[in-house]
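Chemist: Have a peek at my_file_22.csv (CSV, C-alpha atoms).
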chain,number,residue,atom,x,y,z
X,1,MET,CA,22.5,-2.6,-3.0
X,2,LEU,CA,20.4,0.2,-4.6
X,3,GLU,CA,20.8,3.9,-3.5
X,4,THR,CA,17.9,6.1,-2.8
X,5,ALA,CA,19.7,9.3,-3.5
X,6,GLY,CA,18.4,10.7,-6.9
X,7,ALA,CA,16.0,7.7,-7.3
X,8,VAL,CA,12.3,8.4,-8.2
X,9,ALA,CA,9.4,7.0,-6.2
X,10,VAL,CA,5.8,7.0,-7.3
X,11,ILE,CA,3.5,6.8,-4.3
X,12,THR,CA,-0.3,6.7,-4.4
X,13,GLY,CA,-2.5,7.5,-1.4
X,14,GLY,CA,0.2,10.1,-0.6
X,15,GLY,CA,-2.1,12.5,1.2
X,16,GLY,CA,-1.8,10.6,4.5
X,17,GLY,CA,-1.0,7.3,6.2
X,18,ILE,CA,1.8,5.0,5.1
X,19,GLY,CA,2.1,6.8,1.7
X,20,GLU,CA,2.9,10.1,3.4
X,21,ILE,CA,5.4,8.6,5.7
X,22,VAL,CA,7.2,6.7,2.9
X,23,ALA,CA,7.4,9.9,0.9
X,24,LYS,CA,8.9,11.8,3.7
X,25,LEU,CA,11.5,9.1,4.5
X,26,TRP,CA,12.3,8.8,0.8
X,27,VAL,CA,13.1,12.5,0.4
X,28,LYS,CA,15.1,12.6,3.6
X,29,ASN,CA,17.3,9.9,2.0
X,30,GLY,CA,17.8,12.0,-1.1
X,31,GLY,CA,15.1,10.6,-3.3
X,32,LYS,CA,12.6,12.3,-5.6
X,33,VAL,CA,8.8,11.8,-5.2
X,34,VAL,CA,5.8,11.7,-7.5
X,35,LEU,CA,2.7,11.8,-5.2
X,36,ALA,CA,-0.9,11.0,-6.0
X,37,ASP,CA,-4.1,11.3,-4.0
X,38,ILE,CA,-7.8,11.8,-4.8
X,39,VAL,CA,-8.1,14.6,-2.1
X,40,PRO,CA,-6.3,17.8,-3.3
X,41,GLU,CA,-6.2,19.5,0.1
X,42,LYS,CA,-4.3,16.6,1.7
X,43,LEU,CA,-2.0,16.4,-1.3
X,44,ARG,CA,-1.1,20.1,-1.1
X,45,ARG,CA,-0.3,19.8,2.6
X,46,VAL,CA,2.1,16.8,2.1
X,47,GLU,CA,3.7,18.5,-1.0
X,48,LYS,CA,4.4,21.6,1.1
X,49,GLU,CA,5.9,19.6,3.9
X,50,LEU,CA,8.1,17.5,1.5
X,51,LYS,CA,9.4,20.7,-0.1
X,52,GLU,CA,10.2,22.0,3.4
X,53,LEU,CA,12.4,18.9,3.8
X,54,GLY,CA,14.2,19.9,0.7
X,55,GLY,CA,12.6,17.2,-1.5
X,56,GLU,CA,12.0,17.4,-5.2
X,57,VAL,CA,8.3,16.7,-5.6
X,58,ALA,CA,5.6,16.4,-8.3
X,59,VAL,CA,2.0,15.8,-7.4
X,60,ILE,CA,-1.2,14.8,-9.2
X,61,THR,CA,-4.8,14.6,-8.0
X,62,CYS,CA,-6.5,11.7,-9.7
X,63,ASP,CA,-8.9,8.8,-9.4
X,64,LEU,CA,-6.6,5.7,-9.8
X,65,THR,CA,-9.5,3.4,-10.7
X,66,LYS,CA,-9.5,5.2,-14.1
X,67,GLU,CA,-7.0,4.1,-16.7
X,68,GLU,CA,-6.4,7.6,-17.9
X,69,SER,CA,-5.5,8.8,-14.4
X,70,SER,CA,-3.0,6.0,-13.8
X,71,HIS,CA,-1.4,6.6,-17.2
X,72,ALA,CA,-1.1,10.3,-16.4
X,73,LEU,CA,0.6,9.5,-13.1
X,74,ALA,CA,3.3,7.3,-14.8
X,75,LEU,CA,3.8,9.9,-17.5
X,76,LEU,CA,4.2,12.7,-14.9
X,77,ALA,CA,7.1,10.8,-13.3
X,78,VAL,CA,8.8,10.3,-16.6
X,79,GLU,CA,8.3,13.9,-17.8
X,80,LYS,CA,9.3,15.4,-14.5
X,81,PHE,CA,12.2,13.2,-13.4
X,82,GLY,CA,13.0,10.9,-16.4
X,83,ALA,CA,12.6,7.6,-14.5
X,84,ILE,CA,10.7,5.4,-12.0
X,85,ASN,CA,12.6,3.4,-9.5
X,86,LEU,CA,10.1,2.7,-6.7
X,87,VAL,CA,6.4,2.2,-7.0
X,88,VAL,CA,4.3,2.0,-3.7
X,89,PRO,CA,0.5,1.9,-4.3
X,90,CYS,CA,-0.9,2.9,-0.9
X,91,ALA,CA,-4.2,4.2,-2.1
X,92,GLY,CA,-7.0,2.1,-0.5
X,93,ILE,CA,-10.2,2.1,1.5
X,94,PHE,CA,-12.1,-0.2,3.7
X,95,ARG,CA,-15.9,-0.5,4.1
X,96,ASP,CA,-16.3,-3.2,6.7
X,97,GLY,CA,-19.5,-5.2,7.2
X,98,LEU,CA,-20.7,-8.8,7.5
X,99,MET,CA,-21.6,-10.6,4.3
X,100,LEU,CA,-24.8,-11.6,6.1
X,101,SER,CA,-26.0,-10.1,9.4
X,102,ILE,CA,-27.8,-12.8,11.4
X,103,ASP,CA,-30.1,-11.9,14.3
X,104,ARG,CA,-28.9,-13.6,17.5
X,105,ASP,CA,-32.4,-14.4,18.7
X,106,THR,CA,-34.3,-15.4,15.6
X,107,GLY,CA,-31.3,-16.9,13.6
X,108,LYS,CA,-32.7,-15.1,10.5
X,109,VAL,CA,-30.8,-12.8,8.2
X,110,THR,CA,-31.5,-9.1,8.8
X,111,ASP,CA,-29.1,-7.5,6.4
X,112,ARG,CA,-26.4,-8.2,3.9
X,113,MET,CA,-23.4,-6.6,2.3
X,114,SER,CA,-24.4,-4.8,-0.9
X,115,LEU,CA,-22.6,-5.5,-4.2
X,116,GLU,CA,-21.7,-1.8,-4.2
X,117,GLN,CA,-20.1,-2.0,-0.8
X,118,PHE,CA,-18.1,-5.1,-1.9
X,119,GLN,CA,-17.2,-3.8,-5.4
X,120,SER,CA,-16.1,-0.3,-4.3
X,121,VAL,CA,-13.3,-1.8,-2.2
X,122,LEU,CA,-12.2,-4.0,-5.0
X,123,ASP,CA,-12.2,-1.1,-7.5
X,124,ILE,CA,-9.8,0.9,-5.4
X,125,ASN,CA,-7.7,-1.6,-3.5
X,126,LEU,CA,-7.3,-4.1,-6.3
X,127,ALA,CA,-8.1,-2.7,-9.7
X,128,GLY,CA,-6.5,0.7,-8.8
X,129,VAL,CA,-3.3,-1.1,-7.7
X,130,PHE,CA,-3.3,-3.1,-10.9
X,131,LEU,CA,-3.5,0.0,-13.0
X,132,THR,CA,-0.8,1.9,-11.1
X,133,VAL,CA,1.6,-1.1,-11.3
X,134,ARG,CA,0.8,-1.8,-15.0
X,135,GLU,CA,1.4,1.8,-16.1
X,136,CYS,CA,4.5,2.4,-14.0
X,137,ALA,CA,6.1,-1.0,-14.8
X,138,GLU,CA,5.6,-0.3,-18.5
X,139,GLN,CA,7.6,2.9,-18.2
X,140,MET,CA,10.2,1.2,-16.1
X,141,ILE,CA,10.7,-1.5,-18.6
X,142,ASN,CA,10.8,0.7,-21.7
X,143,LEU,CA,13.2,3.2,-20.0
X,144,GLY,CA,15.5,0.5,-18.7
X,145,CYS,CA,14.9,1.6,-15.1
X,146,LYS,CA,16.1,-0.5,-12.1
X,147,GLY,CA,14.0,-0.7,-8.9
X,148,LEU,CA,11.1,-2.1,-6.9
X,149,ILE,CA,7.4,-2.4,-7.0
X,150,CYS,CA,6.2,-2.7,-3.4
X,151,LEU,CA,2.6,-3.6,-2.7
X,152,ILE,CA,0.8,-3.2,0.6
X,153,SER,CA,-0.8,-6.3,1.9
X,154,SER,CA,-2.0,-6.8,5.5
X,155,THR,CA,-2.5,-9.5,8.1
X,156,SER,CA,-6.1,-9.2,7.1
X,157,ALA,CA,-5.1,-11.2,4.0
X,158,LEU,CA,-5.4,-14.3,6.3
X,159,GLY,CA,-9.1,-13.5,6.7
X,160,THR,CA,-10.9,-11.3,9.1
X,161,ALA,CA,-14.6,-11.4,9.9
X,162,GLY,CA,-16.4,-8.4,8.6
X,163,GLN,CA,-13.8,-7.7,5.9
X,164,ILE,CA,-14.7,-10.1,3.1
X,165,ASN,CA,-14.1,-7.2,0.6
X,166,TYR,CA,-10.9,-5.8,2.2
X,167,SER,CA,-9.4,-9.1,3.1
X,168,SER,CA,-9.9,-10.3,-0.5
X,169,THR,CA,-7.9,-7.4,-1.9
X,170,LYS,CA,-5.1,-7.8,0.7
X,171,ALA,CA,-4.9,-11.5,-0.1
X,172,ALA,CA,-4.5,-10.6,-3.7
X,173,MET,CA,-1.6,-8.3,-2.8
X,174,SER,CA,0.2,-11.3,-1.3
X,175,VAL,CA,0.1,-13.3,-4.5
X,176,ILE,CA,0.6,-10.6,-7.1
X,177,PRO,CA,4.3,-10.3,-6.4
X,178,ARG,CA,4.8,-14.0,-7.2
X,179,VAL,CA,2.9,-13.6,-10.5
X,180,ILE,CA,4.8,-10.5,-11.6
X,181,THR,CA,8.1,-11.9,-10.6
X,182,ALA,CA,7.4,-15.1,-12.6
X,183,GLU,CA,6.3,-13.0,-15.7
X,184,PHE,CA,9.3,-10.7,-15.5
X,185,PHE,CA,11.7,-13.7,-15.0
X,186,ARG,CA,10.4,-15.3,-18.2
X,187,ARG,CA,11.3,-12.1,-20.1
X,188,ASN,CA,14.7,-11.4,-18.4
X,189,VAL,CA,13.4,-8.4,-16.6
X,190,ALA,CA,13.2,-9.7,-13.0
X,191,GLN,CA,16.9,-8.9,-12.3
X,192,ARG,CA,16.1,-5.2,-12.9
X,193,ILE,CA,12.6,-4.8,-11.6
X,194,ARG,CA,11.6,-6.7,-8.5
X,195,CYS,CA,8.1,-7.0,-7.0
X,196,LEU,CA,7.2,-7.8,-3.4
X,197,ALA,CA,4.7,-6.9,-0.7
X,198,VAL,CA,4.8,-5.8,2.9
X,199,ALA,CA,2.0,-6.9,5.2
X,200,PRO,CA,1.5,-4.6,8.2
X,201,GLY,CA,-0.4,-5.6,11.3
X,202,TYR,CA,-2.2,-3.0,13.5
X,203,ILE,CA,-0.7,0.4,12.6
X,204,ALA,CA,-0.7,3.4,14.9
X,205,THR,CA,-2.6,5.6,12.4
X,206,PRO,CA,-4.5,8.7,13.7
X,207,MET,CA,-7.8,6.7,13.0
X,208,VAL,CA,-6.6,3.7,15.2
X,209,LYS,CA,-5.2,6.0,17.9
X,210,GLY,CA,-8.5,7.8,18.0
X,211,MET,CA,-10.4,4.7,18.9
X,212,ASP,CA,-11.7,3.9,22.4
X,213,GLN,CA,-8.8,3.0,24.7
X,214,LYS,CA,-10.4,-0.3,25.7
X,215,VAL,CA,-10.6,-1.3,22.0
X,216,ILE,CA,-6.9,-0.4,21.6
X,217,ASP,CA,-6.0,-2.4,24.7
X,218,ARG,CA,-7.8,-5.5,23.2
X,219,ILE,CA,-5.8,-5.1,20.0
X,220,VAL,CA,-2.5,-4.8,21.8
X,221,GLU,CA,-3.2,-7.9,23.8
X,222,GLN,CA,-2.9,-9.9,20.5
X,223,VAL,CA,0.6,-8.4,19.7
X,224,PRO,CA,3.6,-10.1,21.3
X,225,ILE,CA,5.6,-6.8,21.3
X,226,LYS,CA,2.7,-5.2,23.2
X,227,ARG,CA,2.2,-2.2,21.1
X,228,LEU,CA,1.0,-0.9,17.7
X,229,ILE,CA,3.3,-0.7,14.7
X,230,GLU,CA,4.5,2.8,13.9
X,231,PRO,CA,4.0,4.0,10.3
X,232,GLU,CA,7.7,5.0,10.3
X,233,GLU,CA,8.6,1.3,10.9
X,234,VAL,CA,6.7,0.3,7.8
X,235,ALA,CA,8.3,3.0,5.8
X,236,SER,CA,11.8,2.0,7.0
X,237,LEU,CA,11.2,-1.6,6.0
X,238,ILE,CA,10.1,-0.5,2.5
X,239,LEU,CA,13.3,1.5,2.0
X,240,GLU,CA,15.4,-1.4,3.2
X,241,LEU,CA,13.6,-3.7,0.8
X,242,TYR,CA,14.3,-1.3,-2.0
X,243,ARG,CA,18.0,-1.2,-1.2
X,244,ASN,CA,18.4,-5.0,-0.8
X,245,GLU,CA,18.2,-6.5,-4.2
X,246,ALA,CA,18.1,-10.0,-2.8
X,247,CYS,CA,14.5,-9.5,-1.7
X,248,SER,CA,12.0,-10.3,-4.4
X,249,GLY,CA,8.7,-12.1,-5.0
X,250,GLU,CA,7.7,-12.5,-1.3
X,251,VAL,CA,5.5,-11.0,1.4
X,252,PHE,CA,7.3,-9.4,4.3
X,253,ASN,CA,5.2,-9.3,7.5
X,254,ILE,CA,5.6,-6.4,9.9
X,255,ASP,CA,3.1,-7.0,12.6
X,256,GLY,CA,5.0,-7.3,15.9
X,257,GLY,CA,4.6,-11.1,15.9
X,258,LEU,CA,0.8,-10.9,15.6
X,259,ARG,CA,-0.9,-14.3,15.7
X,260,LEU,CA,-4.5,-13.3,15.0
X,261,SER,CA,-5.7,-13.8,18.6
X,262,SER,CA,-3.6,-17.0,19.1
X,263,ARG,CA,-0.9,-17.1,21.7
X,264,GLY,CA,0.8,-20.0,20.0
Will you turn the file into structure tokens for me?
Modeler:
Amino acid sequence: MLETAGAVAVITGGGGGIGEIVAKLWVKNGGKVVLADIVPEKLRRVEKELKELGGEVAVITCDLTKEESSHALALLAVEKFGAINLVVPCAGIFRDGLMLSIDRDTGKVTDRMSLEQFQSVLDINLAGVFLTVRECAEQMINLGCKGLICLISSTSALGTAGQINYSSTKAAMSVIPRVITAEFFRRNVAQRIRCLAVAPGYIATPMVKGMDQKVIDRIVEQVPIKRLIEPEEVASLILELYRNEACSGEVFNIDGGLRLSSRG
């Protein structure tokens, strides 16, 4: 079992959401954090709160779709703390929309998803994660670090109407751990650096909780445990997966038994 005390976590999208909650739980368990986000105001707020918790923190504002930014993030962790033990790329966006909007009355196409709308999600959710993982994993290997790369997938990876861009990126997050584990296994690295993914269902983020109550009720109807998943529950799972070295190469669902509108 790995210990969190003194270990170094690199977390992107740390200005809010799951990234913020993972960072706070990590420092509460004695870990050190390198936090990245594209919005400096959000990053400064979380940095202040982490330091109030007694955490050792380094922050960097950057666009993780750029190679130089991802490289700078990994170097900051090494220069500040001398190691990387946990990598959690939480930075991501969604820009939902139908690939083709079809008029109910005429049966004709009235609109379509633009290439920019599709590509922007792939750039951040897929290419950005690739760059973060590549840069951090290189430092972990060269420095002889031991730890975990934990990707964030989603139940949307199974395919959700109106999310052809977002679902595609989350499906990728469910297969990348197998690829990385296989590559590291071939080079005798997989026993030191594991890779896996967590796949949350409907999370009780401020955005979701701010939705119309009728919409929330319809969502909860699909969840056997009859409630949304708390961000703290996702963070707790990530820390347990870090500690438990038997977990590698797989996707771990945390969705309250969600069956995508099916009652079995």
Chemist: Considering all atoms listed in the file, return as a PyMOL selection string whatever protein or nucleic-acid residues lie within 9 Å of segment 200-213 of chain X, sequence-local ones (same chain, fewer than 5 positions apart) excluded.
Modeler: chain X and resi 17-18+152-156+218-220+223+227-231+234+252-258
Chemist: Taking (-10.8, 2.4, -4.7) in the file's own coordinates, collect the residues within 10 Å, counting all atoms listed in the file, and hand them back as a PyMOL selection string.
Modeler: chain X and resi 38+63-66+91-94+119-129
Chemist: May I have a table of the residues of segment 83-149 of chain X lying at most 12 Å from segment 178-188 of chain X, giving each one's closest pair of atoms and their distance in Å to one decimal, counting all atoms listed in the file, ordered by chain and ascending residue number, as a tab-separated table?
Modeler:
residue	atom	partner	partner_atom	distance
X:Phe130	CA	X:Ile180	CA	11.0
X:Val133	CA	X:Ile180	CA	9.9
X:Arg134	CA	X:Ile180	CA	10.2
X:Ala137	CA	X:Ile180	CA	10.1
X:Glu138	CA	X:Phe184	CA	11.4
X:Met140	CA	X:Phe184	CA	11.9
X:Ile141	CA	X:Phe184	CA	9.8
X:Gly144	CA	X:Asn188	CA	11.9
X:Leu148	CA	X:Thr181	CA	10.9
X:Ile149	CA	X:Ile180	CA	9.7
Chemist: Rounded to one decimal place, report the atom CA of Ala246 of chain X-atom CA of Leu75 of chain X distance in Å.
Modeler: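 Taking atom CA of Ala246 of chain X and atom CA of Leu75 of chain X, their separation equals 28.6 Å.
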Chemist: Could you please determine the separation between atom CA of Leu100 of chain X and atom CA of Met113 of chain X in Å, to one decimal place?
Modeler: 6.4 Å
Chemist: To one decimal place in Å, what is the distance between atom CA of Ala157 of chain X and atom CA of Asp37 of chain X?
Modeler: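 Interatomic distance here is 23.9 Å.
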Chemist: Pick from X:Val34, X:Val39, X:Ala5, X:Val46: nearest to Val59 of chain X, with all atoms listed in the file counted?
Modeler: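 The answer is X:Val34, which sits nearest to Val59 of chain X.
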Chemist: Calculated over only C-alpha atoms, which of the candidates X:Val189, X:Val88, X:Ile216, X:Leu53 has the smallest distance to Gly14 of chain X?
Modeler: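 Under the stated criterion, the closest residue is X:Val88.
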Chemist: Between X:Glu135, X:Leu86, X:Arg243, X:Thr106, which is the closest to Glu67 of chain X once you count only C-alpha atoms?
Modeler: X:Glu135
Chemist: For Ala72 of chain X, work out the shell of residues within 12 Å, counting only C-alpha atoms and skipping chain neighbours fewer than 2 positions away, then give it as JSON, numbers by chain.
Modeler: {"X": [10, 34, 35, 36, 59, 60, 61, 62, 63, 64, 66, 67, 68, 69, 70, 74, 75, 76, 77, 78, 79, 80, 131, 132, 135, 136, 139]}
Chemist: Identify which of the residues X:Lys42, X:Lys51, X:Lys108, X:Lys146 lies closest to Ala9 of chain X, counting all atoms listed in the file when measuring atom-to-atom distances.
Modeler: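 Smallest distance to Ala9 of chain X is found for X:Lys146.
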Chemist: Can you tell me which residues surround segment 236-238 of chain X at a distance of at most 8 Å, considering all atoms listed in the file, apart from same-chain residues fewer than 3 positions away, and format the answer as a ChimeraX atom specification?
Modeler: /X:22,25,150,198,232-233,241-242
Chemist: Within 10 Å of Thr110 of chain X, counting all atoms listed in the file, which residues show up once you throw out same-chain ones fewer than 6 positions away? Write them as a ChimeraX atom specification, please.
Modeler: /X:100-103
Chemist: Give as a PDB file with C-alpha atoms, keeping the file's coordinate frame each residue that has an atom at most 8 Å from (-2.9, -9.1, -2.4) in the file, counting only C-alpha atoms.
Modeler:
ATOM      1  CA  LEU X 126      -7.300  -4.100  -6.300  1.00  0.00           C
ATOM      2  CA  LEU X 151       2.600  -3.600  -2.700  1.00  0.00           C
ATOM      3  CA  ILE X 152       0.800  -3.200   0.600  1.00  0.00           C
ATOM      4  CA  SER X 153      -0.800  -6.300   1.900  1.00  0.00           C
ATOM      5  CA  ALA X 157      -5.100 -11.200   4.000  1.00  0.00           C
ATOM      6  CA  SER X 168      -9.900 -10.300  -0.500  1.00  0.00           C
ATOM      7  CA  THR X 169      -7.900  -7.400  -1.900  1.00  0.00           C
ATOM      8  CA  LYS X 170      -5.100  -7.800   0.700  1.00  0.00           C
ATOM      9  CA  ALA X 171      -4.900 -11.500  -0.100  1.00  0.00           C
ATOM     10  CA  ALA X 172      -4.500 -10.600  -3.700  1.00  0.00           C
ATOM     11  CA  MET X 173      -1.600  -8.300  -2.800  1.00  0.00           C
ATOM     12  CA  SER X 174       0.200 -11.300  -1.300  1.00  0.00           C
ATOM     13  CA  VAL X 175       0.100 -13.300  -4.500  1.00  0.00           C
ATOM     14  CA  ILE X 176       0.600 -10.600  -7.100  1.00  0.00           C
TER      15      ILE X 176
END
Chemist: Which residue is closest to Asn142 of chain X? Choose from X:Gly54, X:Pro224, X:Gly82, X:Gly31 and count all atoms listed in the file.
Modeler: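 Of the candidates, the smallest distance to Asn142 of chain X is held by X:Gly82.
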Chemist: Identify, on the basis of all atoms listed in the file, every residue whose closest approach to Ala23 of chain X does not exceed 8 Å; exclude the query and any residue fewer than 3 positions from it along the same chain; express the result as an MDAnalysis selection string.
Modeler: chainID X and resid 9 11 14 19:20 26:27 33 35 50
Chemist: With distances taken over all atoms listed in the file, which of X:Cys247, X:Val57, X:Ala235, X:Met99 is nearest to Ile164 of chain X?
Modeler: X:Met99
